[in-house]
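Structure first, commentary second.
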Amino acid sequence: MKLVPVLIASVLAATAAQAADPLPSWNDGAAKQSIVAFVGKVTAEGTPDFVPPAERIATFDNDGTLWAEQPMYFQLLFALDQVRLLASQHPEWRDQEPYASLLKGDVKGALAGGEKSLAEIMMATHAGTTTEEFAGRVSGWIAAAKHPKTGKLYTAMVYQPMLELLAYLRANGFKNFVVSGGGIEFMRPWAEAVYGIPPEQVIGSSIKTKFEMRGGTPVLLRLPELNFFDDKEGKPVGIQQHIGRRPVAAFGNSDGDLQMLQWTAAGSGPRLCLYVRHDDAAREWAYDRESSVGRLDKGLDEAKARGWTVVSMKGDWKAIYPEP
């Protein structure tokens, strides 16, 4: 995968500028100031707000927080591409919904069945392989597939300001985790190259997996059954199960992240809870309360009521994506 240059270029740019400005793609407004003030506070040794490095846990949602999520979640776009790729192995799909509509190019019709149709598509394209086989499919897709509107690789649609934030926190002793409603095995093959976050620091939804021997070789087989849904109330549960520490900083963009931010804010000592608000129709997309993808409604109200940081993509970010 040719993903490393994206991360290297972004990190080098951030590192070169950090002596004067740790977040060069951020405008000098309240959002940036709240981040810098928080980091300065928790890393000041000998003060009541000092947080030991082992406890500097930061959790980041993925879709809409670290990379784009319109017109639909990128993992769903992967699944739709996989249906077309696997169709020759499933002739029955020509007459079976939701696959028949997908193969005709009617995505809206294929998803008309709601969660049932979505679950069928995801299980058909995500199960029945070993973990290594699935990782290979993801790696091949993420290295070549392009966004239907921008024509960019999906890994080029990560947010430059958030890459800088990840690097800034890491440079100050934080351990960054992805905590996403997306599939854990979908994110792990590329998260380290793109975000600098290794596989063991990725938390996500999962399907059941079993150990079996194939020709004398042990494999892990992915089963068509949900194991854990890492969204909404599931996010604090996933954090506890995987990390065992409450985060001191949490970053999201939708109501699906609200419980993660609430859990973070409920801890003692300094806390940073931040929402990325999509309000830049010219450079990205503008959506929040009424969106079917990445809806930010209850979370936006709670952020205002509790004084959490709300980032305006239009007003707070000098750039959206990394330079080519």
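Each chain in the structure tokens gets a letter, A, B, ..., in the order shown, and its residues are numbered from 1; ligands are numbered from 1 in order too.
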
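Within stretch 230-304 of chain A, DSSP applied to the backbone places the following residues in alpha helix (DSSP H): Gly234, Lys235, Pro236, Val237, Gly238, Ile239, Gln240, Gln241, His242, Leu258, Gln259, Met260, Leu261, Gln262, Trp263, Thr264, Ala265, Lys298, Gly299, Leu300, Asp301, Glu302, Ala303 and Lys304 of chain A.
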
Check: Between atom CA of A:Gly113 and atom CA of A:Pro98, what is the distance, to one decimal in Å?
Finding: 7.7 Å

Next item on the list: Can you pull out every residue within 8 Å of stretch 138-146 of chain A, counting only C-alpha atoms, but drop anything in the same chain fewer than 3 positions away, and send it as a ChimeraX atom specification?
Entry: /A:1-3,78,134-135,150-155,186,189-190

With all heavy atoms retained, export the selected residues as a CSV table (one decimal), in the first residue's frame.
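Final file, selection.csv:
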```csv
chain,number,residue,atom,x,y,z
A,1,MET,N,0.8,-1.2,0.0
A,1,MET,CA,0.0,0.0,0.0
A,1,MET,C,0.9,1.2,0.0
A,1,MET,O,1.8,1.3,0.7
A,1,MET,CB,-0.9,0.0,1.2
A,1,MET,CG,-1.9,-1.1,1.3
A,1,MET,SD,-3.1,-0.9,2.6
A,1,MET,CE,-2.2,-0.2,3.9
A,2,LYS,N,0.5,2.2,-0.8
A,2,LYS,CA,1.3,3.4,-0.9
A,2,LYS,C,0.6,4.5,0.0
A,2,LYS,O,0.2,5.6,-0.5
A,2,LYS,CB,1.4,3.9,-2.3
A,2,LYS,CG,2.2,2.9,-3.2
A,2,LYS,CD,2.3,3.4,-4.6
A,2,LYS,CE,3.1,2.4,-5.5
A,2,LYS,NZ,3.2,2.9,-6.9
A,3,LEU,N,0.5,4.2,1.3
A,3,LEU,CA,-0.2,5.1,2.2
A,3,LEU,C,0.8,5.9,3.0
A,3,LEU,O,0.5,7.0,3.5
A,3,LEU,CB,-1.1,4.3,3.1
A,3,LEU,CG,-2.1,3.4,2.5
A,3,LEU,CD1,-3.0,2.7,3.5
A,3,LEU,CD2,-3.0,4.2,1.6
A,78,PHE,N,-17.0,0.6,0.3
A,78,PHE,CA,-16.2,-0.6,0.1
A,78,PHE,C,-17.1,-1.9,0.0
A,78,PHE,O,-16.9,-2.7,-0.9
A,78,PHE,CB,-15.3,-0.8,1.4
A,78,PHE,CG,-14.7,-2.2,1.5
A,78,PHE,CD1,-13.6,-2.6,0.7
A,78,PHE,CD2,-15.2,-3.1,2.5
A,78,PHE,CE1,-13.1,-3.9,0.9
A,78,PHE,CE2,-14.6,-4.3,2.6
A,78,PHE,CZ,-13.6,-4.7,1.8
A,134,PHE,N,-9.4,-11.0,4.5
A,134,PHE,CA,-10.2,-9.8,4.6
A,134,PHE,C,-9.3,-8.6,4.6
A,134,PHE,O,-9.5,-7.6,3.9
A,134,PHE,CB,-11.1,-9.8,5.8
A,134,PHE,CG,-12.0,-8.6,5.9
A,134,PHE,CD1,-13.1,-8.4,5.0
A,134,PHE,CD2,-11.8,-7.6,6.8
A,134,PHE,CE1,-13.9,-7.3,5.1
A,134,PHE,CE2,-12.6,-6.4,6.9
A,134,PHE,CZ,-13.7,-6.3,6.0
A,135,ALA,N,-8.2,-8.6,5.4
A,135,ALA,CA,-7.3,-7.5,5.4
A,135,ALA,C,-6.7,-7.3,4.1
A,135,ALA,O,-6.5,-6.1,3.7
A,135,ALA,CB,-6.1,-7.8,6.4
A,150,THR,N,-15.1,13.5,-5.4
A,150,THR,CA,-13.8,14.2,-5.4
A,150,THR,C,-12.8,13.5,-6.4
A,150,THR,O,-11.9,14.2,-6.8
A,150,THR,CB,-13.2,14.4,-4.1
A,150,THR,OG1,-12.8,13.1,-3.6
A,150,THR,CG2,-14.2,15.0,-3.1
A,151,GLY,N,-12.9,12.2,-6.6
A,151,GLY,CA,-11.9,11.5,-7.4
A,151,GLY,C,-10.6,11.3,-6.6
A,151,GLY,O,-9.7,10.8,-7.2
A,152,LYS,N,-10.6,11.6,-5.3
A,152,LYS,CA,-9.4,11.3,-4.5
A,152,LYS,C,-9.4,9.9,-4.0
A,152,LYS,O,-10.5,9.3,-3.8
A,152,LYS,CB,-9.4,12.3,-3.3
A,152,LYS,CG,-9.2,13.8,-3.7
A,152,LYS,CD,-9.3,14.6,-2.4
A,152,LYS,CE,-9.2,16.1,-2.6
A,152,LYS,NZ,-7.7,16.5,-2.8
A,153,LEU,N,-8.2,9.4,-3.7
A,153,LEU,CA,-8.2,8.2,-2.9
A,153,LEU,C,-8.8,8.5,-1.5
A,153,LEU,O,-8.7,9.6,-1.0
A,153,LEU,CB,-6.7,7.8,-2.6
A,153,LEU,CG,-5.9,7.3,-3.8
A,153,LEU,CD1,-4.5,7.1,-3.5
A,153,LEU,CD2,-6.5,5.9,-4.3
A,154,TYR,N,-9.4,7.5,-0.9
A,154,TYR,CA,-10.1,7.7,0.4
A,154,TYR,C,-9.1,8.2,1.5
A,154,TYR,O,-9.4,9.0,2.3
A,154,TYR,CB,-10.9,6.5,0.8
A,154,TYR,CG,-12.1,6.2,-0.1
A,154,TYR,CD1,-12.0,5.3,-1.1
A,154,TYR,CD2,-13.2,6.9,0.1
A,154,TYR,CE1,-13.1,5.1,-1.9
A,154,TYR,CE2,-14.3,6.8,-0.7
A,154,TYR,CZ,-14.3,5.8,-1.7
A,154,TYR,OH,-15.3,5.6,-2.6
A,155,THR,N,-7.9,7.7,1.4
A,155,THR,CA,-6.8,8.0,2.3
A,155,THR,C,-6.3,9.4,2.1
A,155,THR,O,-5.6,10.0,2.9
A,155,THR,CB,-5.7,7.0,2.3
A,155,THR,OG1,-5.2,6.9,0.9
A,155,THR,CG2,-6.1,5.7,2.9
A,186,PHE,N,-11.8,-3.5,9.3
A,186,PHE,CA,-11.7,-2.6,8.2
A,186,PHE,C,-10.7,-1.5,8.4
A,186,PHE,O,-10.0,-1.1,7.4
A,186,PHE,CB,-13.1,-2.0,7.9
A,186,PHE,CG,-13.1,-1.0,6.7
A,186,PHE,CD1,-13.0,-1.4,5.4
A,186,PHE,CD2,-13.1,0.4,7.0
A,186,PHE,CE1,-13.0,-0.5,4.4
A,186,PHE,CE2,-13.1,1.3,6.0
A,186,PHE,CZ,-13.1,0.9,4.7
A,189,PRO,N,-6.0,-2.4,8.8
A,189,PRO,CA,-5.0,-2.5,7.8
A,189,PRO,C,-4.3,-1.2,7.4
A,189,PRO,O,-3.2,-1.3,6.8
A,189,PRO,CB,-5.7,-3.2,6.6
A,189,PRO,CG,-6.9,-3.9,7.2
A,189,PRO,CD,-7.3,-3.0,8.4
A,190,TRP,N,-4.9,-0.1,7.6
A,190,TRP,CA,-4.4,1.2,7.1
A,190,TRP,C,-4.2,2.3,8.1
A,190,TRP,O,-3.6,3.3,7.9
A,190,TRP,CB,-5.2,1.7,5.9
A,190,TRP,CG,-6.7,1.8,6.2
A,190,TRP,CD1,-7.6,0.8,5.9
A,190,TRP,CD2,-7.4,2.9,6.8
A,190,TRP,NE1,-8.9,1.3,6.4
A,190,TRP,CE2,-8.7,2.5,6.9
A,190,TRP,CE3,-7.0,4.1,7.3
A,190,TRP,CZ2,-9.7,3.3,7.4
A,190,TRP,CZ3,-8.0,5.0,7.9
A,190,TRP,CH2,-9.3,4.6,7.9
```

Please, which residues in stretch 177-219 of chain A fall within 12 Å of stretch 162-172 of chain A when counting only C-alpha atoms, and what is the closest atom pair and distance in Å to one decimal for each, ordered by chain then residue number, as a Markdown table?
```
| residue | atom | partner | partner_atom | distance |
| --- | --- | --- | --- | --- |
| A:Phe177 | CA | A:Leu166 | CA | 9.7 |
| A:Val178 | CA | A:Leu166 | CA | 10.7 |
| A:Ala191 | CA | A:Leu163 | CA | 11.7 |
| A:Glu192 | CA | A:Leu166 | CA | 11.8 |
| A:Ala193 | CA | A:Leu163 | CA | 11.6 |
| A:Val194 | CA | A:Leu163 | CA | 8.6 |
| A:Tyr195 | CA | A:Leu163 | CA | 6.6 |
| A:Gly196 | CA | A:Leu166 | CA | 8.1 |
| A:Ile197 | CA | A:Leu166 | CA | 9.0 |
```

Notebook entry, point to check: So which bits of stretch 25-189 of chain A end up strand (DSSP E or B) when you DSSP the backbone, as a PyMOL selection string?
Noted result: chain A and resi 26+57-60+63+67+130+146+153+158+175-183

Check: From the set A:Gly234, A:Gly215, A:Gly315, A:Lys175, which residue has the shortest atom-to-atom contact distance to A:Glu200, counting only C-alpha atoms?
Finding: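 Counting only C-alpha atoms, the residue closest to A:Glu200 is A:Lys175.
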